[in-house]
file final31.cif (mmCIF, C-alpha atoms)
data_data
loop_
_atom_site.label_atom_id
_atom_site.label_comp_id
_atom_site.auth_asym_id
_atom_site.auth_seq_id
_atom_site.Cartn_x
_atom_site.Cartn_y
_atom_site.Cartn_z
CA MET A 7 -86.60 40.60 -17.92
CA ASN A 8 -89.12 42.55 -20.00
CA ILE A 9 -89.15 42.78 -23.78
CA ASP A 10 -87.62 46.27 -23.89
CA GLU A 11 -84.68 45.07 -21.78
CA ILE A 12 -84.17 42.16 -24.19
CA TRP A 13 -84.14 44.49 -27.20
CA LYS A 14 -81.72 46.86 -25.45
CA LEU A 15 -79.37 43.90 -24.87
CA CYS A 16 -79.63 43.01 -28.57
CA ILE A 17 -78.77 46.58 -29.52
CA GLU A 18 -75.82 46.69 -27.09
CA GLU A 19 -74.51 43.50 -28.70
CA ALA A 20 -75.00 45.02 -32.17
CA LYS A 21 -72.89 48.02 -31.14
CA LYS A 22 -70.00 45.64 -30.32
CA SER A 23 -69.97 44.56 -33.98
CA ILE A 24 -69.41 48.12 -35.14
CA LYS A 25 -66.16 48.29 -33.15
CA MET A 26 -64.94 45.34 -35.27
CA ASP A 27 -66.04 46.88 -38.59
CA ASP A 28 -68.81 44.31 -38.86
CA VAL A 29 -72.50 44.61 -39.62
CA PRO A 30 -74.15 45.69 -36.36
CA ILE A 31 -76.35 42.74 -35.46
CA GLY A 32 -77.02 41.50 -31.95
CA ALA A 33 -78.87 38.44 -30.69
CA VAL A 34 -80.20 37.16 -27.37
CA ILE A 35 -81.49 33.68 -26.56
CA MET A 36 -84.01 33.37 -23.75
CA LYS A 37 -85.29 30.27 -21.99
CA ASN A 38 -88.00 30.17 -19.34
CA GLY A 39 -87.96 33.96 -19.10
CA LYS A 40 -84.22 34.14 -18.41
CA MET A 41 -81.35 35.14 -20.67
CA LEU A 42 -79.38 32.12 -21.75
CA THR A 43 -76.85 33.84 -24.05
CA LYS A 44 -76.17 36.96 -26.06
CA ALA A 45 -73.87 37.53 -29.04
CA HIS A 46 -72.99 39.78 -31.95
CA ASN A 47 -71.52 39.55 -35.44
CA ASN A 48 -67.78 38.88 -35.53
CA ARG A 49 -67.33 37.60 -39.08
CA GLN A 50 -64.70 40.18 -40.00
CA LYS A 51 -62.67 39.95 -36.80
CA LYS A 52 -62.62 36.15 -36.75
CA THR A 53 -62.52 35.80 -40.56
CA ASN A 54 -65.30 33.28 -40.12
CA VAL A 55 -68.14 33.14 -42.64
CA MET A 56 -70.39 31.74 -39.90
CA GLY A 57 -69.66 34.55 -37.43
CA HIS A 58 -73.25 35.80 -37.47
CA ALA A 59 -74.83 36.96 -34.21
CA GLU A 60 -77.52 34.26 -34.34
CA ILE A 61 -75.02 31.44 -34.87
CA ASN A 62 -72.67 32.79 -32.20
CA ALA A 63 -75.56 32.93 -29.72
CA ILE A 64 -76.62 29.39 -30.63
CA LEU A 65 -73.09 28.03 -30.21
CA LYS A 66 -72.83 29.66 -26.78
CA ALA A 67 -76.25 28.29 -25.78
CA THR A 68 -75.48 24.74 -26.90
CA LYS A 69 -72.24 24.85 -24.93
CA LYS A 70 -73.98 26.23 -21.86
CA CYS A 71 -76.82 23.67 -22.09
CA LYS A 72 -74.46 20.84 -23.11
CA ASN A 73 -77.03 19.98 -25.78
CA TRP A 74 -77.48 20.98 -29.41
CA ASN A 75 -81.28 20.83 -29.01
CA LEU A 76 -82.47 24.25 -27.85
CA ASN A 77 -86.14 23.36 -27.69
CA GLY A 78 -87.97 25.81 -25.44
CA CYS A 79 -85.72 28.72 -26.40
CA ILE A 80 -86.64 32.01 -28.04
CA LEU A 81 -84.19 33.98 -30.19
CA TYR A 82 -84.32 37.76 -30.42
CA VAL A 83 -82.21 39.40 -33.12
CA THR A 84 -81.92 42.96 -34.40
CA LEU A 85 -82.16 42.10 -38.14
CA ARG A 86 -84.18 39.37 -39.83
CA PRO A 87 -81.97 36.26 -40.03
CA CYS A 88 -80.44 35.28 -43.36
CA SER A 89 -81.21 31.88 -44.87
CA MET A 90 -78.06 30.29 -43.38
CA CYS A 91 -78.96 31.48 -39.88
CA MET A 92 -82.60 30.41 -40.28
CA GLU A 93 -81.48 26.91 -41.17
CA ILE A 94 -79.18 26.74 -38.12
CA ILE A 95 -82.03 28.09 -35.97
CA LYS A 96 -84.32 25.33 -37.26
CA GLN A 97 -81.66 22.66 -36.75
CA ALA A 98 -81.14 23.87 -33.17
CA ARG A 99 -84.90 23.42 -32.61
CA ILE A 100 -85.40 26.99 -31.37
CA ASP A 101 -89.14 27.57 -30.89
CA GLU A 102 -89.54 31.21 -31.91
CA VAL A 103 -87.58 34.04 -33.51
CA TYR A 104 -88.34 37.74 -33.16
CA TYR A 105 -86.52 40.49 -35.05
CA LEU A 106 -86.63 44.30 -35.12
CA LEU A 107 -85.98 45.11 -38.78
CA GLU A 108 -86.39 43.55 -42.21
CA LYS A 109 -83.44 43.68 -44.57
CA SER A 110 -83.63 46.40 -47.20
CA ASP A 111 -84.47 45.38 -50.76
CA ALA A 112 -80.97 46.50 -51.76
CA LYS A 113 -79.43 43.91 -49.40
CA LYS A 114 -80.00 40.64 -51.22
CA GLU A 115 -78.29 37.40 -50.28
CA TYR A 116 -75.62 35.95 -52.52
CA SER A 117 -77.31 33.39 -54.74
CA LYS A 118 -74.91 32.53 -57.56
CA THR A 119 -73.63 29.26 -56.10
CA LYS A 120 -74.86 26.23 -58.03
CA CYS A 121 -75.48 22.81 -56.49
CA TYR A 122 -75.59 19.58 -58.51
CA HIS A 123 -76.27 15.92 -57.82
CA TYR A 124 -73.34 13.82 -59.00
CA ASP A 125 -74.04 10.31 -60.24
CA SER A 126 -71.30 7.93 -59.14
CA VAL A 127 -70.69 4.28 -58.38
CA CYS A 128 -69.90 5.47 -54.86
CA GLU A 129 -73.49 6.56 -54.32
CA GLN A 130 -74.63 3.08 -53.23
CA MET A 131 -71.63 2.71 -50.93
CA TYR A 132 -72.56 5.93 -49.17
CA LYS A 133 -76.25 4.95 -49.01
CA ASN A 134 -75.21 1.79 -47.16
CA ILE A 135 -73.11 3.76 -44.69
CA LEU A 136 -76.02 6.08 -43.91
CA SER A 137 -78.49 3.22 -43.69
CA ASN A 138 -76.27 1.28 -41.28
CA PHE A 139 -75.70 4.36 -39.15
CA PHE A 140 -79.41 5.11 -38.74
CA HIS A 141 -80.26 1.46 -38.24
CA LYS A 142 -77.84 1.32 -35.29
CA MET A 143 -79.32 4.56 -33.87
CA ARG A 144 -82.79 3.01 -33.75
#

call {"tool": "encode", "arguments": {"input": "final31.cif", "output": "structure tokens"}}
result
Amino acid sequence: MNIDEIWKLCIEEAKKSIKMDDVPIGAVIMKNGKMLTKAHNNRQKKTNVMGHAEINAILKATKKCKNWNLNGCILYVTLRPCSMCMEIIKQARIDEVYYLLEKSDAKKEYSKTKCYHYDSVCEQMYKNILSNFFHKMR
């Protein structure tokens, strides 16, 4: 499959999103020169905040490979991935990401959520749980 065919698949997937009143984004995951999965945005239809094309493609690929580690895979996506998708892509160990378009300056990610560390007597209890878990894994 050549690069133009991959991009055409991404665009066909993006068009599926439009039918569901969602942002038209399509993604394809390739491995060893073969298509592993393809997906599109379905956040509105599924009322799922994680229904991004990239995440949908990753979920399909992990199911197909029966492994969360997608090392050796390449992701093609029509629009530059958001920060949430990039983190999932990194966690899935995807080697490379290629995209067609940058997001416009007017399309900024939501960034008003605050995150705080909470000091608690339970902190040590949880540290012990994590420590024991990773000790057993090694």

call {"tool": "atom_distance", "arguments": {"input": "final31.cif", "atom1": "atom CA of A:Leu65", "atom2": "atom CA of A:Cys79"}}
result
13.2 Å

call {"tool": "closest_residue", "arguments": {"input": "final31.cif", "among": "A:Cys128, A:Cys121, A:Leu107, A:Val29", "to": "A:Tyr82", "atoms": "all atoms listed in the file"}}
result
A:Leu107

call {"tool": "atom_distance", "arguments": {"input": "final31.cif", "atom1": "atom CA of A:Ile12", "atom2": "atom CA of A:Gly39"}}
result
10.4 Å

call {"tool": "residues_around", "arguments": {"input": "final31.cif", "residues": "A:Lys21", "least_positions_apart": "2", "cutoff": "12 Å", "atoms": "only C-alpha atoms", "output": "PyMOL selection string"}}
result
chain A and resi 14-19+23-33+45-48+59+84

call {"tool": "closest_residue", "arguments": {"input": "final31.cif", "among": "A:Asp101, A:Leu106, A:Lys22, A:Ala63", "to": "A:Lys51", "atoms": "all atoms listed in the file"}}
result
A:Lys22

call {"tool": "residues_around", "arguments": {"input": "final31.cif", "residues": "A:Met36", "least_positions_apart": "5", "cutoff": "10 Å", "atoms": "only C-alpha atoms", "output": "list in words"}}
result
Met7, Ile12, Met41, Leu42, Thr43, Lys44, Ala67, Gly78, Cys79, Ile80, Leu81 and Tyr82 of chain A

call {"tool": "atom_distance", "arguments": {"input": "final31.cif", "atom1": "atom CA of A:Arg99", "atom2": "atom CA of A:Leu76"}}
result
5.4 Å

call {"tool": "residues_around", "arguments": {"input": "final31.cif", "residues": "A:Ile64", "least_positions_apart": "6", "cutoff": "8 Å", "atoms": "only C-alpha atoms", "output": "mmCIF file with C-alpha atoms, in the coordinates of the input"}}
result
data_model
loop_
_atom_site.group_PDB
_atom_site.id
_atom_site.type_symbol
_atom_site.label_atom_id
_atom_site.label_comp_id
_atom_site.auth_asym_id
_atom_site.auth_seq_id
_atom_site.Cartn_x
_atom_site.Cartn_y
_atom_site.Cartn_z
ATOM 1 C CA ILE A 35 -81.490 33.680 -26.560
ATOM 2 C CA THR A 43 -76.850 33.840 -24.050
ATOM 3 C CA ILE A 95 -82.030 28.090 -35.970
ATOM 4 C CA ALA A 98 -81.140 23.870 -33.170
#

call {"tool": "residues_around", "arguments": {"input": "final31.cif", "residues": "A:Gln97", "least_positions_apart": "3", "cutoff": "9 Å", "atoms": "only C-alpha atoms", "output": "ChimeraX atom specification"}}
result
/A:74-75,92-94,100

call {"tool": "closest_residue", "arguments": {"input": "final31.cif", "among": "A:Asn134, A:Cys71, A:His141, A:Leu85", "to": "A:Tyr104", "atoms": "only C-alpha atoms"}}
result
A:Leu85

call {"tool": "closest_residue", "arguments": {"input": "final31.cif", "among": "A:Glu11, A:Lys37, A:Asn77, A:Glu115", "to": "A:Lys96", "atoms": "all atoms listed in the file"}}
result
A:Asn77

call {"tool": "closest_residue", "arguments": {"input": "final31.cif", "among": "A:Tyr122, A:Arg86, A:Lys40, A:Lys52", "to": "A:Ser110", "atoms": "all atoms listed in the file"}}
result
A:Arg86

call {"tool": "closest_residue", "arguments": {"input": "final31.cif", "among": "A:Asn8, A:Asn73, A:Thr119, A:Ser89", "to": "A:Met56", "atoms": "all atoms listed in the file"}}
result
A:Ser89

call {"tool": "axis_aligned_box", "arguments": {"input": "final31.cif", "around": "stretch 22-38 of chain A", "padding_each_side": "3 Å", "output": "JSON"}}
result
{"center_x": -76.5, "center_y": 39.2, "center_z": -29.5, "size_x": 29.1, "size_y": 24.1, "size_z": 26.3}

call {"tool": "build_atoms", "arguments": {"input": "final31.cif", "residues": "stretch 57-77 of chain A", "atoms": "N, CA and C atoms", "output": "short mmCIF file (atom, residue, chain, number, x, y, z; two decimals), in the frame of the given file"}}
result
data_model
loop_
_atom_site.label_atom_id
_atom_site.label_comp_id
_atom_site.auth_asym_id
_atom_site.auth_seq_id
_atom_site.Cartn_x
_atom_site.Cartn_y
_atom_site.Cartn_z
N GLY A 57 -69.71 33.68 -38.60
CA GLY A 57 -69.66 34.55 -37.43
C GLY A 57 -70.85 35.49 -37.32
N HIS A 58 -72.03 35.00 -37.60
CA HIS A 58 -73.25 35.80 -37.47
C HIS A 58 -73.71 35.78 -36.01
N ALA A 59 -74.38 36.83 -35.59
CA ALA A 59 -74.83 36.96 -34.21
C ALA A 59 -75.70 35.77 -33.78
N GLU A 60 -76.61 35.36 -34.67
CA GLU A 60 -77.52 34.26 -34.34
C GLU A 60 -76.75 32.96 -34.10
N ILE A 61 -75.80 32.68 -34.98
CA ILE A 61 -75.02 31.44 -34.87
C ILE A 61 -74.12 31.49 -33.64
N ASN A 62 -73.50 32.65 -33.40
CA ASN A 62 -72.67 32.79 -32.20
C ASN A 62 -73.48 32.57 -30.93
N ALA A 63 -74.70 33.11 -30.89
CA ALA A 63 -75.56 32.93 -29.72
C ALA A 63 -75.95 31.46 -29.57
N ILE A 64 -76.25 30.81 -30.68
CA ILE A 64 -76.62 29.39 -30.63
C ILE A 64 -75.46 28.55 -30.15
N LEU A 65 -74.26 28.80 -30.65
CA LEU A 65 -73.09 28.03 -30.21
C LEU A 65 -72.85 28.20 -28.71
N LYS A 66 -72.98 29.42 -28.22
CA LYS A 66 -72.83 29.66 -26.78
C LYS A 66 -73.91 28.91 -25.99
N ALA A 67 -75.14 28.94 -26.49
CA ALA A 67 -76.25 28.29 -25.78
C ALA A 67 -76.09 26.78 -25.76
N THR A 68 -75.65 26.20 -26.87
CA THR A 68 -75.48 24.74 -26.90
C THR A 68 -74.36 24.32 -25.95
N LYS A 69 -73.33 25.14 -25.86
CA LYS A 69 -72.24 24.85 -24.93
C LYS A 69 -72.72 24.96 -23.48
N LYS A 70 -73.47 26.00 -23.21
CA LYS A 70 -73.98 26.23 -21.86
C LYS A 70 -74.96 25.13 -21.44
N CYS A 71 -75.81 24.71 -22.38
CA CYS A 71 -76.82 23.67 -22.09
C CYS A 71 -76.27 22.25 -22.23
N LYS A 72 -75.06 22.15 -22.82
CA LYS A 72 -74.46 20.84 -23.11
C LYS A 72 -75.41 19.98 -23.94
N ASN A 73 -76.08 20.65 -24.90
CA ASN A 73 -77.03 19.98 -25.78
C ASN A 73 -77.24 20.84 -27.01
N TRP A 74 -77.25 20.22 -28.18
CA TRP A 74 -77.48 20.98 -29.41
C TRP A 74 -78.96 21.33 -29.58
N ASN A 75 -79.84 20.62 -28.88
CA ASN A 75 -81.28 20.83 -29.01
C ASN A 75 -81.72 21.95 -28.07
N LEU A 76 -82.09 23.08 -28.65
CA LEU A 76 -82.47 24.25 -27.85
C LEU A 76 -83.99 24.43 -27.80
N ASN A 77 -84.69 23.33 -27.80
CA ASN A 77 -86.14 23.36 -27.69
C ASN A 77 -86.53 24.14 -26.44
#
